[in-house]
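Here is work-v4.cif, consisting of mmCIF, C-alpha atoms:
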data_structure
#
loop_
_atom_site.group_PDB
_atom_site.id
_atom_site.type_symbol
_atom_site.label_atom_id
_atom_site.label_comp_id
_atom_site.auth_asym_id
_atom_site.auth_seq_id
_atom_site.Cartn_x
_atom_site.Cartn_y
_atom_site.Cartn_z
ATOM 1 C CA MET A 1 0.000 0.000 0.000
ATOM 2 C CA ALA A 2 1.247 3.469 -0.760
ATOM 3 C CA ASP A 3 0.649 4.757 2.791
ATOM 4 C CA ASP A 4 3.001 2.195 4.306
ATOM 5 C CA ALA A 5 5.840 3.269 2.070
ATOM 6 C CA LEU A 6 5.102 6.892 2.902
ATOM 7 C CA PHE A 7 5.602 6.287 6.626
ATOM 8 C CA ASP A 8 8.906 4.464 5.965
ATOM 9 C CA PHE A 9 10.237 7.264 3.783
ATOM 10 C CA LEU A 10 9.059 9.982 6.167
ATOM 11 C CA HIS A 11 10.766 8.267 9.092
ATOM 12 C CA MET A 12 14.009 7.909 7.099
ATOM 13 C CA GLU A 13 13.895 11.578 6.210
ATOM 14 C CA ILE A 14 13.159 12.743 9.783
ATOM 15 C CA VAL A 15 16.160 10.802 11.069
ATOM 16 C CA SER A 16 18.392 12.119 8.322
ATOM 17 C CA HIS A 17 17.206 15.709 8.790
ATOM 18 C CA VAL A 18 17.607 15.766 12.564
ATOM 19 C CA THR A 19 21.036 14.140 12.535
ATOM 20 C CA LYS A 20 22.326 16.319 9.701
ATOM 21 C CA SER A 21 21.412 19.659 11.222
ATOM 22 C CA ASP A 22 23.359 18.760 14.361
ATOM 23 C CA ALA A 23 26.527 17.597 12.652
ATOM 24 C CA GLY A 24 28.428 20.792 13.296
ATOM 25 C CA LEU A 25 27.289 21.330 16.878
ATOM 26 C CA LEU A 26 27.641 18.104 18.816
ATOM 27 C CA GLN A 27 30.108 15.245 18.579
ATOM 28 C CA ASP A 28 27.867 12.222 18.899
ATOM 29 C CA GLY A 29 24.488 13.779 18.170
ATOM 30 C CA ASP A 30 22.916 13.413 21.617
ATOM 31 C CA GLU A 31 20.763 16.423 20.937
ATOM 32 C CA ALA A 32 19.571 14.821 17.714
ATOM 33 C CA MET A 33 18.594 11.670 19.576
ATOM 34 C CA SER A 34 16.581 13.514 22.183
ATOM 35 C CA LYS A 35 14.822 15.557 19.501
ATOM 36 C CA LEU A 36 13.865 12.348 17.708
ATOM 37 C CA GLU A 37 12.699 10.841 20.966
ATOM 38 C CA GLN A 38 10.605 13.914 21.724
ATOM 39 C CA ILE A 39 8.987 13.741 18.294
ATOM 40 C CA GLY A 40 8.172 10.091 18.990
ATOM 41 C CA TYR A 41 6.818 10.939 22.439
ATOM 42 C CA SER A 42 4.313 13.504 21.193
ATOM 43 C CA THR A 43 3.243 11.232 18.350
ATOM 44 C CA GLY A 44 2.737 8.236 20.630
ATOM 45 C CA TYR A 45 0.881 10.290 23.227
ATOM 46 C CA ARG A 46 -1.783 11.359 20.777
ATOM 47 C CA PHE A 47 -1.880 8.210 18.695
ATOM 48 C CA ILE A 48 -2.788 5.992 21.610
ATOM 49 C CA GLU A 49 -5.843 8.171 22.367
ATOM 50 C CA ARG A 50 -7.195 7.397 18.934
ATOM 51 C CA LEU A 51 -6.310 3.754 19.171
ATOM 52 C CA THR A 52 -7.906 3.056 22.533
ATOM 53 C CA LYS A 53 -11.093 5.053 22.090
ATOM 54 C CA ASP A 54 -13.107 1.858 21.840
ATOM 55 C CA LEU A 55 -11.338 -0.239 24.466
ATOM 56 C CA SER A 56 -12.356 -0.547 28.121
ATOM 57 C CA ARG A 57 -10.111 0.441 31.031
ATOM 58 C CA PHE A 58 -7.148 -1.816 31.596
ATOM 59 C CA LYS A 59 -7.065 -4.065 34.646
ATOM 60 C CA ASP A 60 -3.351 -3.759 35.428
ATOM 61 C CA GLU A 61 0.074 -3.031 33.950
ATOM 62 C CA LEU A 62 0.414 -6.399 32.333
ATOM 63 C CA GLU A 63 -2.826 -5.855 30.419
ATOM 64 C CA VAL A 64 -1.496 -2.529 29.198
ATOM 65 C CA MET A 65 1.750 -4.070 28.015
ATOM 66 C CA LYS A 66 -0.049 -6.888 26.266
ATOM 67 C CA ALA A 67 -2.331 -4.431 24.499
ATOM 68 C CA ILE A 68 0.725 -2.460 23.407
ATOM 69 C CA CYS A 69 2.332 -5.594 22.040
ATOM 70 C CA LYS A 70 -0.725 -6.606 20.075
ATOM 71 C CA ASP A 71 -2.916 -3.685 19.033
ATOM 72 C CA PHE A 72 -0.486 -0.803 19.124
ATOM 73 C CA TRP A 73 2.297 -2.690 17.379
ATOM 74 C CA SER A 74 -0.083 -4.030 14.701
ATOM 75 C CA ALA A 75 -1.414 -0.560 14.028
ATOM 76 C CA VAL A 76 2.006 0.995 13.605
ATOM 77 C CA PHE A 77 4.175 -1.846 12.308
ATOM 78 C CA LYS A 78 1.620 -4.216 10.749
ATOM 79 C CA LYS A 79 2.695 -7.099 12.979
ATOM 80 C CA GLN A 80 2.664 -8.046 16.657
ATOM 81 C CA VAL A 81 5.615 -8.093 19.013
ATOM 82 C CA ASP A 82 7.246 -11.518 18.825
ATOM 83 C CA ASN A 83 8.201 -11.906 22.448
ATOM 84 C CA LEU A 84 7.283 -10.132 25.692
ATOM 85 C CA ARG A 85 9.235 -10.801 28.889
ATOM 86 C CA THR A 86 8.922 -9.298 32.335
ATOM 87 C CA ASN A 87 10.402 -9.630 35.772
ATOM 88 C CA HIS A 88 7.058 -8.633 37.290
ATOM 89 C CA GLN A 89 8.788 -5.716 38.983
ATOM 90 C CA GLY A 90 8.200 -3.092 36.351
ATOM 91 C CA VAL A 91 10.714 -4.129 33.710
ATOM 92 C CA TYR A 92 9.401 -5.397 30.371
ATOM 93 C CA VAL A 93 11.336 -6.484 27.305
ATOM 94 C CA LEU A 94 9.593 -6.407 23.913
ATOM 95 C CA GLN A 95 11.324 -8.323 21.183
ATOM 96 C CA ASP A 96 10.596 -7.847 17.499
ATOM 97 C CA ASN A 97 12.368 -10.210 15.155
ATOM 98 C CA LYS A 98 11.775 -8.278 11.970
ATOM 99 C CA PHE A 99 11.554 -4.638 12.928
ATOM 100 C CA ARG A 100 9.972 -2.597 10.182
ATOM 101 C CA PHE A 101 12.575 0.134 9.903
ATOM 102 C CA LEU A 102 15.513 -2.249 10.036
ATOM 103 C CA ALA A 103 14.229 -4.883 7.627
ATOM 104 C CA SER A 104 15.275 -2.872 4.569
ATOM 105 C CA ILE A 105 18.725 -2.022 5.875
ATOM 106 C CA SER A 106 20.484 -5.262 6.530
ATOM 107 C CA ASN A 107 20.173 -8.924 7.415
ATOM 108 C CA SER A 108 23.391 -9.329 9.343
ATOM 109 C CA ARG A 109 25.902 -7.131 11.074
ATOM 110 C CA GLN A 110 26.433 -4.787 8.126
ATOM 111 C CA TYR A 111 25.351 -1.183 8.919
ATOM 112 C CA LEU A 112 24.920 -2.090 12.612
ATOM 113 C CA GLU A 113 26.193 1.323 13.690
ATOM 114 C CA LEU A 114 23.313 3.012 11.866
ATOM 115 C CA ALA A 115 20.651 0.993 13.647
ATOM 116 C CA PRO A 116 20.265 3.000 16.913
ATOM 117 C CA LYS A 117 19.176 6.122 15.021
ATOM 118 C CA TYR A 118 16.205 4.267 13.597
ATOM 119 C CA LEU A 119 15.062 2.942 16.948
ATOM 120 C CA VAL A 120 14.965 6.226 18.853
ATOM 121 C CA PHE A 121 11.702 7.434 17.353
ATOM 122 C CA THR A 122 10.028 4.172 18.345
ATOM 123 C CA CYS A 123 11.384 4.440 21.888
ATOM 124 C CA GLY A 124 9.707 7.824 22.141
ATOM 125 C CA LEU A 125 6.537 6.433 20.565
ATOM 126 C CA LEU A 126 6.344 3.758 23.266
ATOM 127 C CA ARG A 127 7.101 6.209 26.067
ATOM 128 C CA GLY A 128 4.401 8.608 24.845
ATOM 129 C CA ALA A 129 1.810 5.862 24.488
ATOM 130 C CA LEU A 130 2.455 4.558 27.998
ATOM 131 C CA ALA A 131 2.458 8.058 29.446
ATOM 132 C CA SER A 132 -0.939 8.707 27.953
ATOM 133 C CA LEU A 133 -2.180 5.496 29.551
ATOM 134 C CA GLY A 134 -0.911 6.694 32.907
ATOM 135 C CA LEU A 135 2.392 4.842 33.157
ATOM 136 C CA THR A 136 5.609 6.864 33.322
ATOM 137 C CA CYS A 137 8.594 4.936 32.107
ATOM 138 C CA ILE A 138 11.979 4.928 30.461
ATOM 139 C CA VAL A 139 12.402 3.100 27.164
ATOM 140 C CA THR A 140 15.713 1.957 25.715
ATOM 141 C CA ALA A 141 16.471 -0.227 22.723
ATOM 142 C CA GLU A 142 19.215 -2.530 21.594
ATOM 143 C CA VAL A 143 20.094 -4.368 18.387
ATOM 144 C CA THR A 144 22.283 -7.453 18.227
ATOM 145 C CA THR A 145 21.548 -8.764 14.749
ATOM 146 C CA MET A 146 19.444 -6.896 12.267
ATOM 147 C CA PRO A 147 16.544 -6.916 11.725
ATOM 148 C CA ALA A 148 15.704 -8.133 15.229
ATOM 149 C CA CYS A 149 15.672 -5.671 18.116
ATOM 150 C CA LYS A 150 14.595 -5.393 21.744
ATOM 151 C CA PHE A 151 12.867 -2.534 23.555
ATOM 152 C CA GLN A 152 13.282 -2.344 27.339
ATOM 153 C CA VAL A 153 10.597 -0.551 29.303
ATOM 154 C CA HIS A 154 11.313 0.452 32.916
ATOM 155 C CA LEU A 155 8.104 1.554 34.604
ATOM 156 C CA GLN A 156 8.522 4.196 37.283
ATOM 157 C CA ARG A 157 6.578 3.527 40.430
ATOM 158 C CA ALA A 158 4.918 6.435 42.252
ATOM 159 C CA MET B 1 17.148 -21.579 -19.972
ATOM 160 C CA THR B 2 20.081 -19.790 -18.364
ATOM 161 C CA ILE B 3 20.839 -16.407 -16.917
ATOM 162 C CA HIS B 4 24.374 -15.213 -17.608
ATOM 163 C CA ASN B 5 24.707 -11.835 -15.944
ATOM 164 C CA LEU B 6 22.985 -8.606 -14.916
ATOM 165 C CA TYR B 7 23.957 -4.918 -15.115
ATOM 166 C CA MET B 8 22.118 -2.091 -13.371
ATOM 167 C CA PHE B 9 22.661 1.546 -14.379
ATOM 168 C CA ASP B 10 21.213 4.676 -12.863
ATOM 169 C CA ARG B 11 19.979 7.563 -14.947
ATOM 170 C CA HIS B 12 23.395 9.208 -15.114
ATOM 171 C CA GLY B 13 25.113 6.106 -16.459
ATOM 172 C CA VAL B 14 26.798 5.060 -13.220
ATOM 173 C CA LEU B 15 27.047 1.272 -12.879
ATOM 174 C CA MET B 16 25.069 0.528 -9.713
ATOM 175 C CA TYR B 17 25.436 -3.220 -9.667
ATOM 176 C CA TYR B 18 26.932 -6.028 -11.692
ATOM 177 C CA GLY B 19 26.136 -9.655 -10.935
ATOM 178 C CA GLU B 20 27.116 -12.758 -12.850
ATOM 179 C CA TRP B 21 25.951 -16.297 -12.481
ATOM 180 C CA ASN B 22 27.089 -18.132 -15.542
ATOM 181 C CA ARG B 23 29.558 -16.220 -17.612
ATOM 182 C CA LYS B 24 31.685 -18.468 -19.803
ATOM 183 C CA ARG B 25 33.728 -15.895 -21.668
ATOM 184 C CA GLN B 26 35.368 -12.726 -20.401
ATOM 185 C CA SER B 27 35.507 -9.657 -22.582
ATOM 186 C CA GLY B 28 39.099 -8.733 -21.819
ATOM 187 C CA MET B 29 38.183 -5.324 -20.377
ATOM 188 C CA THR B 30 37.808 -4.143 -16.827
ATOM 189 C CA ILE B 31 34.293 -3.999 -15.479
ATOM 190 C CA GLU B 32 34.245 -0.180 -15.633
ATOM 191 C CA GLU B 33 35.164 -0.179 -19.310
ATOM 192 C CA GLU B 34 32.585 -2.824 -20.011
ATOM 193 C CA ALA B 35 29.942 -0.819 -18.195
ATOM 194 C CA LYS B 36 30.774 2.356 -20.106
ATOM 195 C CA LEU B 37 30.643 0.490 -23.390
ATOM 196 C CA MET B 38 27.322 -1.086 -22.446
ATOM 197 C CA TYR B 39 25.779 2.210 -21.403
ATOM 198 C CA GLY B 40 26.980 3.971 -24.546
ATOM 199 C CA MET B 41 25.562 1.229 -26.722
ATOM 200 C CA LEU B 42 22.210 1.325 -24.941
ATOM 201 C CA TYR B 43 21.930 5.065 -25.292
ATOM 202 C CA SER B 44 22.698 4.942 -29.015
ATOM 203 C CA ILE B 45 20.462 2.016 -29.784
ATOM 204 C CA LYS B 46 17.497 3.488 -27.892
ATOM 205 C CA ASN B 47 17.720 6.705 -29.878
ATOM 206 C CA PHE B 48 18.208 4.823 -33.120
ATOM 207 C CA VAL B 49 15.224 2.564 -32.543
ATOM 208 C CA ASN B 50 12.950 5.487 -31.739
ATOM 209 C CA LYS B 51 14.072 7.528 -34.723
ATOM 210 C CA MET B 52 13.939 4.799 -37.357
ATOM 211 C CA SER B 53 10.757 3.105 -36.266
ATOM 212 C CA PRO B 54 8.403 2.644 -39.236
ATOM 213 C CA VAL B 55 5.350 2.504 -36.957
ATOM 214 C CA ASP B 56 4.292 4.439 -33.835
ATOM 215 C CA VAL B 57 6.786 4.092 -31.047
ATOM 216 C CA ARG B 58 5.513 2.129 -28.048
ATOM 217 C CA GLU B 59 8.050 0.647 -25.667
ATOM 218 C CA GLY B 60 11.186 1.194 -27.686
ATOM 219 C CA PHE B 61 14.228 -1.037 -27.425
ATOM 220 C CA GLN B 62 13.648 -4.221 -25.431
ATOM 221 C CA CYS B 63 16.090 -6.915 -26.512
ATOM 222 C CA TYR B 64 18.653 -8.054 -29.042
ATOM 223 C CA ARG B 65 19.534 -11.617 -30.018
ATOM 224 C CA THR B 66 22.635 -13.244 -31.405
ATOM 225 C CA SER B 67 22.914 -16.892 -32.327
ATOM 226 C CA LYS B 68 24.177 -17.680 -28.817
ATOM 227 C CA TYR B 69 22.641 -15.239 -26.318
ATOM 228 C CA ALA B 70 20.005 -12.557 -25.872
ATOM 229 C CA LEU B 71 20.384 -9.206 -24.161
ATOM 230 C CA ASN B 72 17.185 -8.092 -22.409
ATOM 231 C CA TYR B 73 16.623 -4.481 -21.411
ATOM 232 C CA PHE B 74 14.191 -2.871 -18.981
ATOM 233 C CA GLU B 75 14.085 0.790 -17.963
ATOM 234 C CA THR B 76 12.018 2.330 -15.188
ATOM 235 C CA PRO B 77 10.421 5.770 -15.565
ATOM 236 C CA SER B 78 12.999 7.131 -13.115
ATOM 237 C CA GLY B 79 15.829 6.114 -15.424
ATOM 238 C CA VAL B 80 17.120 2.964 -13.696
ATOM 239 C CA LYS B 81 18.211 0.522 -16.392
ATOM 240 C CA PHE B 82 18.332 -3.257 -15.999
ATOM 241 C CA VAL B 83 20.276 -5.272 -18.570
ATOM 242 C CA MET B 84 20.238 -9.047 -18.397
ATOM 243 C CA ASN B 85 22.026 -11.477 -20.697
ATOM 244 C CA THR B 86 20.295 -14.817 -21.021
ATOM 245 C CA ASP B 87 20.362 -17.733 -23.424
ATOM 246 C CA LEU B 88 18.024 -17.909 -26.395
ATOM 247 C CA HIS B 89 15.328 -20.107 -24.871
ATOM 248 C CA SER B 90 14.519 -17.937 -21.853
ATOM 249 C CA GLN B 91 10.922 -16.840 -21.428
ATOM 250 C CA GLY B 92 9.531 -14.138 -19.193
ATOM 251 C CA VAL B 93 12.774 -12.240 -18.676
ATOM 252 C CA ARG B 94 10.995 -8.905 -18.809
ATOM 253 C CA GLU B 95 8.739 -9.938 -15.925
ATOM 254 C CA LEU B 96 11.779 -11.059 -13.966
ATOM 255 C CA LEU B 97 13.445 -7.708 -14.501
ATOM 256 C CA GLN B 98 10.273 -5.951 -13.365
ATOM 257 C CA GLN B 99 10.250 -8.115 -10.254
ATOM 258 C CA ILE B 100 13.876 -7.316 -9.563
ATOM 259 C CA ASN B 101 12.999 -3.668 -9.747
ATOM 260 C CA SER B 102 9.919 -3.707 -7.548
ATOM 261 C CA GLN B 103 10.759 -6.433 -5.047
ATOM 262 C CA ILE B 104 14.483 -6.062 -4.637
ATOM 263 C CA TYR B 105 15.726 -2.681 -5.784
ATOM 264 C CA ILE B 106 12.874 -0.658 -4.264
ATOM 265 C CA GLU B 107 12.672 -2.687 -1.049
ATOM 266 C CA TYR B 108 16.339 -2.921 -0.210
ATOM 267 C CA CYS B 109 17.927 0.107 -1.867
ATOM 268 C CA VAL B 110 15.394 2.859 -2.246
ATOM 269 C CA LYS B 111 13.992 2.191 1.226
ATOM 270 C CA ASN B 112 17.429 1.748 2.712
ATOM 271 C CA PRO B 113 18.700 4.927 4.383
ATOM 272 C CA ALA B 114 22.246 3.639 4.064
ATOM 273 C CA TYR B 115 22.109 3.698 0.249
ATOM 274 C CA LYS B 116 23.000 6.956 -1.457
ATOM 275 C CA SER B 117 21.967 7.374 -5.073
ATOM 276 C CA GLY B 118 24.782 7.736 -7.544
ATOM 277 C CA GLU B 119 26.972 5.110 -5.890
ATOM 278 C CA THR B 120 27.448 1.413 -6.459
ATOM 279 C CA ILE B 121 25.275 -0.756 -4.250
ATOM 280 C CA GLN B 122 27.205 -2.027 -1.218
ATOM 281 C CA CYS B 123 24.311 -3.396 0.744
ATOM 282 C CA GLU B 124 24.698 -7.120 1.535
ATOM 283 C CA LEU B 125 20.983 -7.578 1.960
ATOM 284 C CA PHE B 126 20.348 -6.425 -1.602
ATOM 285 C CA LYS B 127 22.901 -8.873 -2.987
ATOM 286 C CA THR B 128 21.518 -11.773 -0.962
ATOM 287 C CA LYS B 129 17.918 -11.119 -1.912
ATOM 288 C CA LEU B 130 18.768 -10.592 -5.579
ATOM 289 C CA ASP B 131 20.661 -13.862 -5.660
ATOM 290 C CA GLU B 132 17.724 -15.653 -4.054
ATOM 291 C CA LEU B 133 15.215 -14.224 -6.501
ATOM 292 C CA VAL B 134 17.318 -15.052 -9.539
ATOM 293 C CA LYS B 135 18.054 -18.578 -8.404
ATOM 294 C CA GLN B 136 14.410 -19.266 -7.635
ATOM 295 C CA SER B 137 13.253 -18.087 -11.038
ATOM 296 C CA PRO B 138 12.361 -20.802 -13.578
ATOM 297 C CA ILE B 139 14.724 -19.160 -16.058
ATOM 298 C CA PHE B 140 17.742 -19.969 -13.956
ATOM 299 C CA LYS B 141 19.476 -23.265 -14.404
ATOM 300 C CA SER B 142 22.717 -23.362 -12.412
#

Please, can you express the file's structure as structure tokens?
Amino acid sequence: MADDALFDFLHMEIVSHVTKSDAGLLQDGDEAMSKLEQIGYSTGYRFIERLTKDLSRFKDELEVMKAICKDFWSAVFKKQVDNLRTNHQGVYVLQDNKFRFLASISNSRQYLELAPKYLVFTCGLLRGALASLGLTCIVTAEVTTMPACKFQVHLQRA
Amino acid sequence: MTIHNLYMFDRHGVLMYYGEWNRKRQSGMTIEEEAKLMYGMLYSIKNFVNKMSPVDVREGFQCYRTSKYALNYFETPSGVKFVMNTDLHSQGVRELLQQINSQIYIEYCVKNPAYKSGETIQCELFKTKLDELVKQSPIFKS
């Protein structure tokens, strides 16, 4: 579908634009990363409102995380999260074996150093979605072999 | 049915990719010289075909045949040119070239932020997927 390709290209261009405009100012582009994350945060915050307008209130955190893995991920990435793990103390790991933005880049370790830039937006997206559902958290991501990647969500307790 | 090799040019004539599967005879030139010769020939023959056509021009140049091999040509509207040498009994090469364009080039190069236009294709994923597609095609006989 044409819309899917549009989202891919737009994401590529956002990453390239934000990292390019910071090239002269900062050594490793930390500012670029936090800008990208902020863009993701605002997007996720509003998107989840639209997505959950028909769903009932969630029973507990685990329900929220499961809904994120299924409905939210399907809406954005056209597939569900492949693996969800938790230590039942507020840390969740979402594993996606064929992450949408990495699938076109590489199948192995080539271009591994480029991968983090394409995960930051999604980290923000997750953080924004959870914030809108009432859960403050910190989201980080890691890639070992493309195109699989893991997102770690640390929920902050009150 | 056999596939010998494949050249891909961008609209400025830069050789983006060269792959060979079954080449029995080398031309005695470096790959850059070969590519320049190929591109020059294509440019001339396309113009010639369009000028000298006795009927209304439709697709233009698509293929030439010798007694031993056929050269098949496919160009996208954006100027990316695919040239594939096959043997004389191959069928459906044009469809294969269209598939290479839409399923491999677009997916793994155009959508790949690591690929910059105007350069040769370095992406491993592209090479792997192209190889897979070619080897799976009924035209290929290793």

Query raised in the report: Do you know which residues are at most 9 Å from B:Leu133 counting only C-alpha atoms, after dropping those on the same chain fewer than 5 positions away, and could you put them as a ChimeraX atom specification?
Result: /B:96,99-100,104,128

I need the residues from that last selection saved to file as a compact mmCIF listing (two decimals), in the coordinates of the input (with C-alpha atoms), if you can.
# COMPACT_ATOMS: atom_id res chain seq x y z
CA LEU B 96 11.78 -11.06 -13.97
CA GLN B 99 10.25 -8.12 -10.25
CA ILE B 100 13.88 -7.32 -9.56
CA ILE B 104 14.48 -6.06 -4.64
CA THR B 128 21.52 -11.77 -0.96

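This file, filtered with the PyMOL selection byres ((chain A) within 8 of (chain B)), gives the residues A:Asp8, A:Phe9, A:Met12, A:Ser104, A:Ile105, A:Ser106, A:Asn107, A:Ser108, A:Gln110, A:Tyr111, A:Leu114.
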
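Coordinates place atom CA of B:Tyr105 at a distance of 27.6 Å from atom CA of B:Val57.
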
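Residues matched by the PyMOL selection byres ((chain B and resi 76) around 10) in this file: Asp10, Arg11, Phe74, Glu75, Pro77, Ser78, Gly79, Val80, Lys81, Phe82, Gln98, Asn101 and Ser102 of chain B.
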
Which neighbours of A:Val93 fall inside 10 Å, counting all atoms listed in the file, when residues of the same chain fewer than 4 positions from it are skipped, and could you give them as a compact mmCIF listing (two decimals) with C-alpha atoms, in the frame of the given file?
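This is the output file selection36.txt:
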# COMPACT_ATOMS: atom_id res chain seq x y z
CA MET A 65 1.75 -4.07 28.02
CA ASN A 83 8.20 -11.91 22.45
CA LEU A 84 7.28 -10.13 25.69
CA ARG A 85 9.24 -10.80 28.89
CA THR A 86 8.92 -9.30 32.34
CA ASN A 87 10.40 -9.63 35.77
CA VAL A 139 12.40 3.10 27.16
CA THR A 140 15.71 1.96 25.72
CA ALA A 141 16.47 -0.23 22.72
CA LYS A 150 14.60 -5.39 21.74
CA PHE A 151 12.87 -2.53 23.56
CA GLN A 152 13.28 -2.34 27.34
CA VAL A 153 10.60 -0.55 29.30
CA HIS A 154 11.31 0.45 32.92

Query raised in the report: Got a sec: who's within 10 Å of B:Gly118, counting all atoms listed in the file, leaving out chain neighbours fewer than 2 positions off, as a PyMOL selection string?
Result: chain B and resi 9-16+115-116+120-121

Each stretch 42-125 of chain B residue no farther than 10 Å from stretch 19-34 of chain B, nearest pair in Å, all atoms listed in the file, as CSV:
residue,atom,partner,partner_atom,distance
B:Met84,CA,B:Gly19,CA,9.5
B:Asn85,CA,B:Arg23,CA,9.4
B:Thr86,CA,B:Asn22,CA,9.3
